[in-house]
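Asker: Have a look at the structure that comes next, please.
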2 protein chains.
Amino acid sequence: MNKETATGVLAAVLTPIDENLSPDHTAFAAHCERLLASGCHGLSVFGTTGEANSLSVEERLAAFEALLERGVPAQTLLPGTGSCALTDTVRLSRAALGAGTAGVLVLPPFYYKGVGDDGLFRFFAEVVERVGDDRLRLYLYHIPQMTGIDLGLPLISRLIDAYPGVIAGTKDSSGDTERIVTLCKEFPNLSVLAGTEALLLETLRGGGEGCISATVNVTSRLARQVYDAHASGRRDEAQALQERLSALRASIETYPMIPALKALMAELARDEEWRNLRPPLSGLDEEQRKKLLAEVPLANLL
Amino acid sequence: MNKETATGVLAAVLTPIDENLSPDHTAFAAHCERLLASGCHGLSVFGTTGEANSLSVEERLAAFEALLERGVPAQTLLPGTGSCALTDTVRLSRAALGAGTAGVLVLPPFYYKGVGDDGLFRFFAEVVERVGDDRLRLYLYHIPQMTGIDLGLPLISRLIDAYPGVIAGTKDSSGDTERIVTLCKEFPNLSVLAGTEALLLETLRGGGEGCISATVNVTSRLARQVYDAHASGRRDEAQALQERLSALRASIETYPMIPALKALMAELARDEEWRNLRPPLSGLDEEQRKKLLAEVPLANLL
């Protein structure tokens with residue numbers, strides 16, 4: 001992937017789950033199309049927001065193929081292929097690469113804690129070597145609040161040195177603006193994407209490429225406006241739009257994020273199925289849900 | 001499983017890994033046989049120590065079947081079947097139950113943090129319902145230092161109430177003696193096994209069933225002596241043996257546990273392959289390894 005492909009506003013796409021707790025392929029593809037039509041440059045499917053680690057590898061592969069069959073363009077996709085098992089990550093990454101996705105977004109293996117940079121380096125190195133294809137574009141997924149793993153700058157530097165071009169970017173969900181700006185400065189050939197659209201403009205101004213965010217499932221239009229205003233140098237307008245976008249994000253993120261987004265999607269798509277989550281995640285209780293819907297007007301979304 | 005089956009000294013069995021970073025089935029079965037011959041009542045394969053979450057489901061199933069084919073008795077096995085994905089845990093648990101294992105040891109899904117008891121309850125409930133077999137004996141695996149998930153007593157109580165008999169026990173790797181004793185007292189029908197043989201005697205005295213421990217890969221003989229001395233009411237002897245056992249454990253646990261145990265196994269089995277670990281875990285560096293071997297005389301092991 002070149003920088004252009006994974007640039008801009010990417011949704012960390014929700015996975016609709018049916019009554020049997022399985023991914024609903026039709027609703028999933030429809031949601032991807034909705035997001036692309038609403039301003040998303042790209043779609044990061046099978047990430048944290050997509051409940052990917054709650055799905056088996058077979059379920060991830062089947063849902064991925066279902067998107068392609070239903071016409072979602074592979075080059076718009078940046079699928080998550082991370083897992084605790086090297087062999088699973090290799091298998092998922094090969095499938096993504098074979099289909100022509102923009103790249104793959106890879107979590108560090110997240111079961112063991114405190115494993116050290118040598119073990120993490122070996123994991124990513126084995127992924128690259130085993131996929132064994134120069135077209136691989138690997139995005140490092142930093143989300144320490146879930147993984148308990150710190151992808152520190154020395155490790156990132158070592159990986160870039162070993163696999164220049166292949167280590168193509170990073171999604172940084174630390175929420176740490178200083179880290180994001182430092183990444184942009186230290187690694188000019190790395191595509192840096194913030195894990196929240198609240199940092200979209202700051203990331204772009206710092207030299208980053210955009211954002212991959214859960215809330216973009218419902219804020220894509222406004223997020224795209226921020227991106228476009230920045231890209232055309234309309235500085236004040238970009239700032240004003242970013243403030244609106246950040247306020248919208250803030251109104252959602254006081255709730256458990258994935259359940260809240262699914263509750264909003266159920267309203268936007270007029271489909272109760274959207275309220276399903278696969279365990280261990282649970283839906284909002286009725287009180288929370290009503291409060292959320294009262295606080296976040298649907299007219300402001302998508 | 002009845003209490004008798006998962007009683008006593010169980011090793012959290014190491015998985016030997018070959019040069020290709022795949023499980024070595026032959027060495028694995030040989031190690032299981034060695035442990036049973038050295039005093040282990042049972043074998044908890046595919047746990048934290050067994051690097052199970054670093055293996056794909058297919059790799060876990062293949063290694064499991066290889067043990068059975070090589071004659072390791074299914075009823076001595078308490079395989080780990082936990083994973084982040086409900087469907088994987090169900091598949092692994094069904095395979096274990098079908099083979100006639102003593103039960104299954106199930107981690108809570110460990111990717112999402114702070115999910116709450118309702119989501120965790122739903123996860124375990126779905127596992128029980130989907131396995132759909134009254135012979136299921138599910139052991140709850142509490143190891144918050146890896147999972148970031150607290151299996152609290154209210155959740156355990158709710159699960160026992162919903163599935164009495166099926167929720168058969170727990171491996172408690174909290175290292176918290178008070179919690180272990182409380183579990184024994186509050187849930188008299190739950191088999192409570194400590195996650196370290198350092199707490200073996202305290203657990204037995206508190207009404208628990210024994211231990212499932214990483215270091216038992218090399219301390220099984222002495223751990224069994226503690227168990228037997230306690231079982232035959234030789235109180236002072238049990239205490240003296242426990243003190244030796246705890247000291248032995250302590251001499252190992254100052255090192256990264258799984259790499260240290262594999263370094264020791266390489267010496268005991270005279271097979272360098274034992275030093276391999278699948279990323280993200282790494283072997284001890286040469287200095288650590290030499291120090292370990294100097295500090296822990298092999299004659300005291302196995």
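Following the order of the structure tokens, chains are lettered A, B, ..., residues in each are numbered from 1, and ligands are numbered from 1.
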Per residue of chain A within 8 Å of chain B, record the nearest atom pair and its distance in Å to one decimal, counting only C-alpha atoms, with rows in chain order and ascending residue number, as a Markdown table.

Answerer:
```
| residue | atom | partner | partner_atom | distance |
| --- | --- | --- | --- | --- |
| A:Asn53 | CA | B:Cys84 | CA | 5.8 |
| A:Ser54 | CA | B:Ala85 | CA | 3.9 |
| A:Leu55 | CA | B:Ala85 | CA | 4.9 |
| A:Ser56 | CA | B:Ala85 | CA | 5.7 |
| A:Cys84 | CA | B:Ser54 | CA | 5.3 |
| A:Ala85 | CA | B:Ser54 | CA | 4.0 |
| A:Leu86 | CA | B:Ser54 | CA | 6.5 |
| A:Thr87 | CA | B:Ser56 | CA | 6.2 |
| A:Asp88 | CA | B:Ser56 | CA | 5.8 |
| A:Pro109 | CA | B:Pro280 | CA | 6.7 |
| A:Phe110 | CA | B:Tyr111 | CA | 7.5 |
| A:Tyr111 | CA | B:Met146 | CA | 6.1 |
| A:Tyr112 | CA | B:Met146 | CA | 5.8 |
| A:Lys113 | CA | B:Met146 | CA | 6.1 |
| A:Val115 | CA | B:Leu281 | CA | 6.1 |
| A:Asp118 | CA | B:Ser282 | CA | 7.1 |
| A:Gly119 | CA | B:Pro280 | CA | 4.2 |
| A:Leu120 | CA | B:Pro280 | CA | 5.2 |
| A:Phe121 | CA | B:Pro280 | CA | 8.0 |
| A:Arg122 | CA | B:Pro279 | CA | 6.0 |
| A:Phe123 | CA | B:Pro279 | CA | 5.0 |
| A:Gln145 | CA | B:Lys113 | CA | 7.7 |
| A:Met146 | CA | B:Tyr112 | CA | 5.8 |
| A:Thr147 | CA | B:Tyr111 | CA | 6.7 |
| A:Pro279 | CA | B:Phe123 | CA | 5.0 |
| A:Pro280 | CA | B:Gly119 | CA | 4.2 |
| A:Leu281 | CA | B:Gly119 | CA | 5.3 |
| A:Ser282 | CA | B:Gly119 | CA | 5.3 |
```

Asker: Excluding same-chain residues fewer than 3 positions from Thr76 in chain B, what lies within 7 Å of it counting only C-alpha atoms, as a PyMOL selection string?

Answerer: chain B and resi 42-43+73+101-102

Asker: Would you pick out the contacts of Thr7 in chain A at 12 Å or less, using only C-alpha atoms, so that residues sharing its chain but fewer than 4 positions from it are not included, and give the list as a ChimeraX atom specification?

Answerer: /A:1-3,11,40-44,75-78,102-103,168-171,190-194,200,203-204,207-212,224,227-228,231

Asker: Output the selection as a short mmCIF file (atom, residue, chain, number, x, y, z; two decimals), in the first residue's frame - N, CA, C and O atoms for each residue.

Answerer:
```cif
data_model
loop_
_atom_site.label_atom_id
_atom_site.label_comp_id
_atom_site.auth_asym_id
_atom_site.auth_seq_id
_atom_site.Cartn_x
_atom_site.Cartn_y
_atom_site.Cartn_z
N MET A 1 0.86 -1.20 0.00
CA MET A 1 0.00 0.00 0.00
C MET A 1 0.88 1.24 0.00
O MET A 1 1.86 1.32 0.72
N ASN A 2 0.54 2.18 -0.80
CA ASN A 2 1.22 3.45 -0.68
C ASN A 2 0.43 4.34 0.27
O ASN A 2 -0.70 4.03 0.64
N LYS A 3 1.03 5.41 0.68
CA LYS A 3 0.39 6.27 1.68
C LYS A 3 -1.01 6.70 1.24
O LYS A 3 -1.91 6.84 2.04
N ALA A 11 -13.23 4.24 8.98
CA ALA A 11 -14.04 3.72 10.09
C ALA A 11 -13.45 2.41 10.58
O ALA A 11 -13.03 1.59 9.78
N CYS A 40 -16.23 8.01 4.10
CA CYS A 40 -15.03 7.28 4.51
C CYS A 40 -14.11 7.04 3.31
O CYS A 40 -14.56 6.61 2.25
N HIS A 41 -12.82 7.30 3.51
CA HIS A 41 -11.84 6.92 2.49
C HIS A 41 -11.60 5.41 2.50
O HIS A 41 -11.29 4.83 1.47
N GLY A 42 -11.70 4.85 3.67
CA GLY A 42 -11.39 3.42 3.80
C GLY A 42 -12.08 2.82 5.00
O GLY A 42 -12.70 3.52 5.82
N LEU A 43 -11.95 1.52 5.11
CA LEU A 43 -12.69 0.76 6.12
C LEU A 43 -11.75 -0.22 6.82
O LEU A 43 -11.22 -1.13 6.19
N SER A 44 -11.58 0.02 8.11
CA SER A 44 -10.79 -0.94 8.86
C SER A 44 -11.75 -1.92 9.53
O SER A 44 -12.28 -1.67 10.60
N GLN A 75 -9.55 -2.72 -2.16
CA GLN A 75 -8.54 -1.69 -1.91
C GLN A 75 -9.00 -0.62 -0.91
O GLN A 75 -8.20 0.18 -0.45
N THR A 76 -10.30 -0.65 -0.56
CA THR A 76 -10.76 0.27 0.50
C THR A 76 -10.59 -0.33 1.88
O THR A 76 -10.84 0.34 2.88
N LEU A 77 -10.20 -1.59 1.93
CA LEU A 77 -10.19 -2.32 3.21
C LEU A 77 -8.80 -2.38 3.84
O LEU A 77 -7.80 -2.61 3.15
N LEU A 78 -8.77 -2.13 5.13
CA LEU A 78 -7.57 -2.33 5.93
C LEU A 78 -7.98 -3.27 7.08
O LEU A 78 -8.24 -2.83 8.20
N ALA A 102 -5.79 -2.87 1.08
CA ALA A 102 -4.82 -1.78 1.18
C ALA A 102 -3.66 -2.13 2.11
O ALA A 102 -2.59 -1.52 2.04
N GLY A 103 -3.87 -3.08 2.96
CA GLY A 103 -2.85 -3.48 3.92
C GLY A 103 -3.52 -4.30 5.00
O GLY A 103 -4.68 -4.70 4.85
N ALA A 168 4.30 -0.30 7.15
CA ALA A 168 3.81 0.85 6.37
C ALA A 168 3.16 1.92 7.21
O ALA A 168 3.10 3.08 6.80
N GLY A 169 2.65 1.55 8.37
CA GLY A 169 1.94 2.56 9.14
C GLY A 169 1.58 2.07 10.52
O GLY A 169 2.00 0.98 10.94
N THR A 170 0.84 2.90 11.21
CA THR A 170 0.39 2.53 12.55
C THR A 170 -0.95 3.19 12.84
O THR A 170 -1.19 4.32 12.43
N LYS A 171 -1.81 2.43 13.49
CA LYS A 171 -3.00 3.01 14.12
C LYS A 171 -2.65 3.19 15.58
O LYS A 171 -2.32 2.22 16.27
N LEU A 190 6.29 6.44 7.67
CA LEU A 190 5.25 5.64 8.32
C LEU A 190 3.93 6.42 8.26
O LEU A 190 3.88 7.59 8.62
N SER A 191 2.87 5.76 7.80
CA SER A 191 1.54 6.39 7.81
C SER A 191 1.00 6.33 9.24
O SER A 191 0.79 5.23 9.76
N VAL A 192 0.78 7.49 9.82
CA VAL A 192 0.30 7.51 11.20
C VAL A 192 -1.17 7.90 11.21
O VAL A 192 -1.55 8.95 10.69
N LEU A 193 -1.98 7.03 11.78
CA LEU A 193 -3.43 7.28 11.87
C LEU A 193 -3.83 7.25 13.33
O LEU A 193 -3.53 6.29 14.06
N ALA A 194 -4.52 8.30 13.76
CA ALA A 194 -4.98 8.36 15.15
C ALA A 194 -6.15 7.42 15.34
O ALA A 194 -6.95 7.21 14.42
N LEU A 200 -8.14 14.02 14.75
CA LEU A 200 -7.93 14.00 13.29
C LEU A 200 -7.13 15.20 12.81
O LEU A 200 -6.09 15.04 12.15
N THR A 203 -3.58 15.35 14.10
CA THR A 203 -2.75 14.33 13.44
C THR A 203 -2.37 14.78 12.03
O THR A 203 -1.20 14.67 11.63
N LEU A 204 -3.33 15.31 11.31
CA LEU A 204 -3.04 15.78 9.95
C LEU A 204 -2.03 16.93 9.98
O LEU A 204 -1.08 16.97 9.20
N GLY A 207 1.48 15.88 10.44
CA GLY A 207 2.11 15.10 9.37
C GLY A 207 1.56 13.69 9.25
O GLY A 207 2.06 12.89 8.46
N GLY A 208 0.52 13.40 10.03
CA GLY A 208 -0.08 12.07 9.94
C GLY A 208 -1.06 11.98 8.78
O GLY A 208 -1.29 12.95 8.05
N GLU A 209 -1.63 10.79 8.63
CA GLU A 209 -2.45 10.52 7.45
C GLU A 209 -3.95 10.60 7.70
O GLU A 209 -4.72 10.64 6.75
N GLY A 210 -4.35 10.56 8.96
CA GLY A 210 -5.79 10.59 9.22
C GLY A 210 -6.14 9.86 10.49
O GLY A 210 -5.40 9.91 11.47
N CYS A 211 -7.27 9.18 10.47
CA CYS A 211 -7.72 8.46 11.66
C CYS A 211 -8.43 7.17 11.27
O CYS A 211 -8.94 7.03 10.16
N ILE A 212 -8.41 6.24 12.19
CA ILE A 212 -9.22 5.01 12.10
C ILE A 212 -9.98 4.97 13.41
O ILE A 212 -9.39 4.79 14.47
N ARG A 224 -15.18 13.59 7.45
CA ARG A 224 -14.68 13.84 6.10
C ARG A 224 -14.61 15.34 5.79
O ARG A 224 -13.69 15.81 5.11
N TYR A 227 -11.48 16.62 7.20
CA TYR A 227 -10.35 16.21 6.35
C TYR A 227 -10.26 17.08 5.10
O TYR A 227 -9.18 17.59 4.74
N ASP A 228 -11.38 17.28 4.44
CA ASP A 228 -11.39 18.03 3.19
C ASP A 228 -11.04 19.51 3.42
O ASP A 228 -10.31 20.11 2.63
N ALA A 231 -7.41 19.64 3.90
CA ALA A 231 -6.68 19.34 2.65
C ALA A 231 -6.69 20.53 1.71
O ALA A 231 -5.74 20.75 0.96
#
```

Asker: Please extract the residues of range 78-269 of chain B with a backbone DSSP assignment of helix (DSSP H, G or I) and present them as an MDAnalysis selection string.

Answerer: chainID B and resid 86:99 117:131 144:147 153:162 177:186 197:205 216:231 235:253 257:268

Asker: For range 30-36 of chain A, please output as a ChimeraX atom specification all residues within 7 Å (counting only C-alpha atoms; exclusion window: fewer than 3 positions along the same chain).

Answerer: /A:26-27,39-41,72,217,220

Asker: Next, dump the selected residues to file, keeping only C-alpha atoms, as a CSV table (one decimal), in the first residue's frame.

Answerer:
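What ended up in again-v4.csv:
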```
chain,number,residue,atom,x,y,z
A,26,THR,CA,-25.5,-8.9,4.3
A,27,ALA,CA,-25.9,-6.2,6.9
A,39,GLY,CA,-17.3,10.0,3.3
A,40,CYS,CA,-15.0,7.3,4.5
A,41,HIS,CA,-11.8,6.9,2.5
A,72,VAL,CA,-17.0,-3.9,-1.3
A,217,ASN,CA,-19.2,4.5,12.1
A,220,SER,CA,-18.1,9.8,8.9
```

Asker: Report, in Å with one decimal, the straight-line distance from CA of Gly233 in chain B to CA of Val218 in chain B.

Answerer: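 Taking CA of Gly233 in chain B and CA of Val218 in chain B, their separation equals 25.2 Å.
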
Asker: From the DSSP assignment of the backbone, select every residue of range 194-263 of chain B that is strand (DSSP E), and format the answer as a count of residues only.

Answerer: 5

Asker: What's around Thr15 in chain B at 8 Å? Count only C-alpha atoms, leave out sequence neighbours fewer than 4 positions away in its own chain, and write the answer as a list in words.

Answerer: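 Counting only the stated atoms, we get Pro23, Asp24, Phe28, Val45, Phe46, Thr49, Gly50 and Glu51 of chain B.
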
Asker: Restricting the output to N, CA, C and O atoms, write the selected residues as an mmCIF file, in the first residue's frame.

Answerer:
```
data_model
loop_
_atom_site.group_PDB
_atom_site.id
_atom_site.type_symbol
_atom_site.label_atom_id
_atom_site.label_comp_id
_atom_site.auth_asym_id
_atom_site.auth_seq_id
_atom_site.Cartn_x
_atom_site.Cartn_y
_atom_site.Cartn_z
ATOM 1 N N PRO B 23 4.404 -27.144 17.462
ATOM 2 C CA PRO B 23 4.475 -28.117 18.549
ATOM 3 C C PRO B 23 5.113 -29.426 18.079
ATOM 4 O O PRO B 23 4.814 -29.902 16.985
ATOM 5 N N ASP B 24 5.992 -29.972 18.909
ATOM 6 C CA ASP B 24 6.622 -31.262 18.622
ATOM 7 C C ASP B 24 5.787 -32.332 19.325
ATOM 8 O O ASP B 24 5.885 -32.521 20.544
ATOM 9 N N PHE B 28 6.127 -33.872 23.102
ATOM 10 C CA PHE B 28 5.008 -33.462 23.967
ATOM 11 C C PHE B 28 4.434 -34.686 24.694
ATOM 12 O O PHE B 28 4.269 -34.684 25.924
ATOM 13 N N VAL B 45 -2.870 -29.546 30.017
ATOM 14 C CA VAL B 45 -2.209 -29.130 28.774
ATOM 15 C C VAL B 45 -2.913 -27.898 28.215
ATOM 16 O O VAL B 45 -4.053 -27.618 28.562
ATOM 17 N N PHE B 46 -2.224 -27.147 27.373
ATOM 18 C CA PHE B 46 -2.799 -25.998 26.655
ATOM 19 C C PHE B 46 -3.269 -24.873 27.575
ATOM 20 O O PHE B 46 -4.318 -24.268 27.361
ATOM 21 N N THR B 49 1.176 -21.825 30.492
ATOM 22 C CA THR B 49 2.508 -22.417 30.398
ATOM 23 C C THR B 49 2.694 -23.144 29.077
ATOM 24 O O THR B 49 3.797 -23.213 28.546
ATOM 25 N N GLY B 50 1.612 -23.706 28.553
ATOM 26 C CA GLY B 50 1.665 -24.471 27.309
ATOM 27 C C GLY B 50 1.638 -23.615 26.061
ATOM 28 O O GLY B 50 1.558 -24.149 24.947
ATOM 29 N N GLU B 51 1.707 -22.292 26.241
ATOM 30 C CA GLU B 51 1.712 -21.354 25.100
ATOM 31 C C GLU B 51 0.494 -21.575 24.193
ATOM 32 O O GLU B 51 0.549 -21.309 22.982
#
```

Asker: Applying 9 Å and only C-alpha atoms, which residues near Ala263 in chain B remain after dropping the ones on its own chain fewer than 6 positions away? List them as a short mmCIF file (atom, residue, chain, number, x, y, z; two decimals) with N, CA, C and O atoms, in the first residue's frame.

Answerer:
```
data_model
loop_
_atom_site.label_atom_id
_atom_site.label_comp_id
_atom_site.auth_asym_id
_atom_site.auth_seq_id
_atom_site.Cartn_x
_atom_site.Cartn_y
_atom_site.Cartn_z
N GLU B 272 18.14 -29.85 23.17
CA GLU B 272 18.18 -28.39 22.98
C GLU B 272 16.86 -27.84 22.45
O GLU B 272 16.55 -26.66 22.62
N TRP B 274 14.07 -28.10 23.48
CA TRP B 274 13.25 -27.59 24.58
C TRP B 274 13.45 -26.09 24.83
O TRP B 274 12.63 -25.45 25.48
N ARG B 275 14.54 -25.54 24.31
CA ARG B 275 14.78 -24.10 24.56
C ARG B 275 13.95 -23.21 23.64
O ARG B 275 13.93 -22.00 23.80
N ASN B 276 13.27 -23.81 22.66
CA ASN B 276 12.48 -23.00 21.73
C ASN B 276 11.18 -22.52 22.37
O ASN B 276 10.52 -23.26 23.10
N GLY B 283 13.44 -17.13 24.63
CA GLY B 283 14.26 -17.89 25.56
C GLY B 283 15.06 -16.97 26.48
O GLY B 283 15.19 -15.77 26.24
N LEU B 284 15.58 -17.55 27.54
CA LEU B 284 16.49 -16.80 28.41
C LEU B 284 17.74 -16.44 27.63
O LEU B 284 18.16 -17.18 26.74
N ARG B 289 20.50 -17.97 31.67
CA ARG B 289 20.39 -19.42 31.62
C ARG B 289 21.45 -20.08 32.50
O ARG B 289 21.17 -21.00 33.28
N LEU B 292 20.62 -19.54 36.15
CA LEU B 292 19.53 -20.44 36.55
C LEU B 292 20.05 -21.85 36.79
O LEU B 292 19.76 -22.47 37.82
N LEU B 293 20.84 -22.34 35.84
CA LEU B 293 21.33 -23.72 35.96
C LEU B 293 22.27 -23.86 37.16
O LEU B 293 22.33 -24.92 37.79
#
```

Asker: Quick check, in Å to one decimal: how far apart do CA of Val296 in chain B and CA of Ser251 in chain B lie?

Answerer: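 Those two atoms sit 6.7 Å apart.
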
Asker: Mind checking which residues fall within 9 Å of Leu107 in chain B, counting only C-alpha atoms, ignoring those fewer than 4 positions away in the same chain, and posting them as a list in words?

Answerer: Gly47, Gly80, Thr81, Gly82, Ser83, Cys84, Tyr139, Leu140, Tyr141, His142, Ile143 and Thr147 of chain B

Asker: I need the residues from that last selection saved to file as a PDB file, in the first residue's frame (with C-alpha atoms), if you can.

Answerer:
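Result saved to result.pdb:
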```
ATOM      1  CA  GLY B  47      -2.740 -23.439  29.420  1.00  0.00           C
ATOM      2  CA  GLY B  80      -7.230 -25.426  28.411  1.00  0.00           C
ATOM      3  CA  THR B  81      -9.925 -24.513  25.907  1.00  0.00           C
ATOM      4  CA  GLY B  82     -10.159 -20.802  26.578  1.00  0.00           C
ATOM      5  CA  SER B  83      -9.824 -18.197  23.877  1.00  0.00           C
ATOM      6  CA  CYS B  84     -11.236 -14.791  23.043  1.00  0.00           C
ATOM      7  CA  TYR B 139     -13.051 -25.270  35.361  1.00  0.00           C
ATOM      8  CA  LEU B 140     -12.871 -21.480  35.523  1.00  0.00           C
ATOM      9  CA  TYR B 141      -9.330 -20.241  34.950  1.00  0.00           C
ATOM     10  CA  HIS B 142      -8.584 -17.128  36.983  1.00  0.00           C
ATOM     11  CA  ILE B 143      -5.299 -15.484  35.994  1.00  0.00           C
ATOM     12  CA  THR B 147      -6.234 -11.693  31.159  1.00  0.00           C
TER      13      THR B 147
END
```

Asker: What is the CA of Ser93 in chain B-CA of Leu68 in chain B distance in Å, reported with one decimal?

Answerer: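 One can read the CA of Ser93 in chain B to CA of Leu68 in chain B distance as 15.4 Å.
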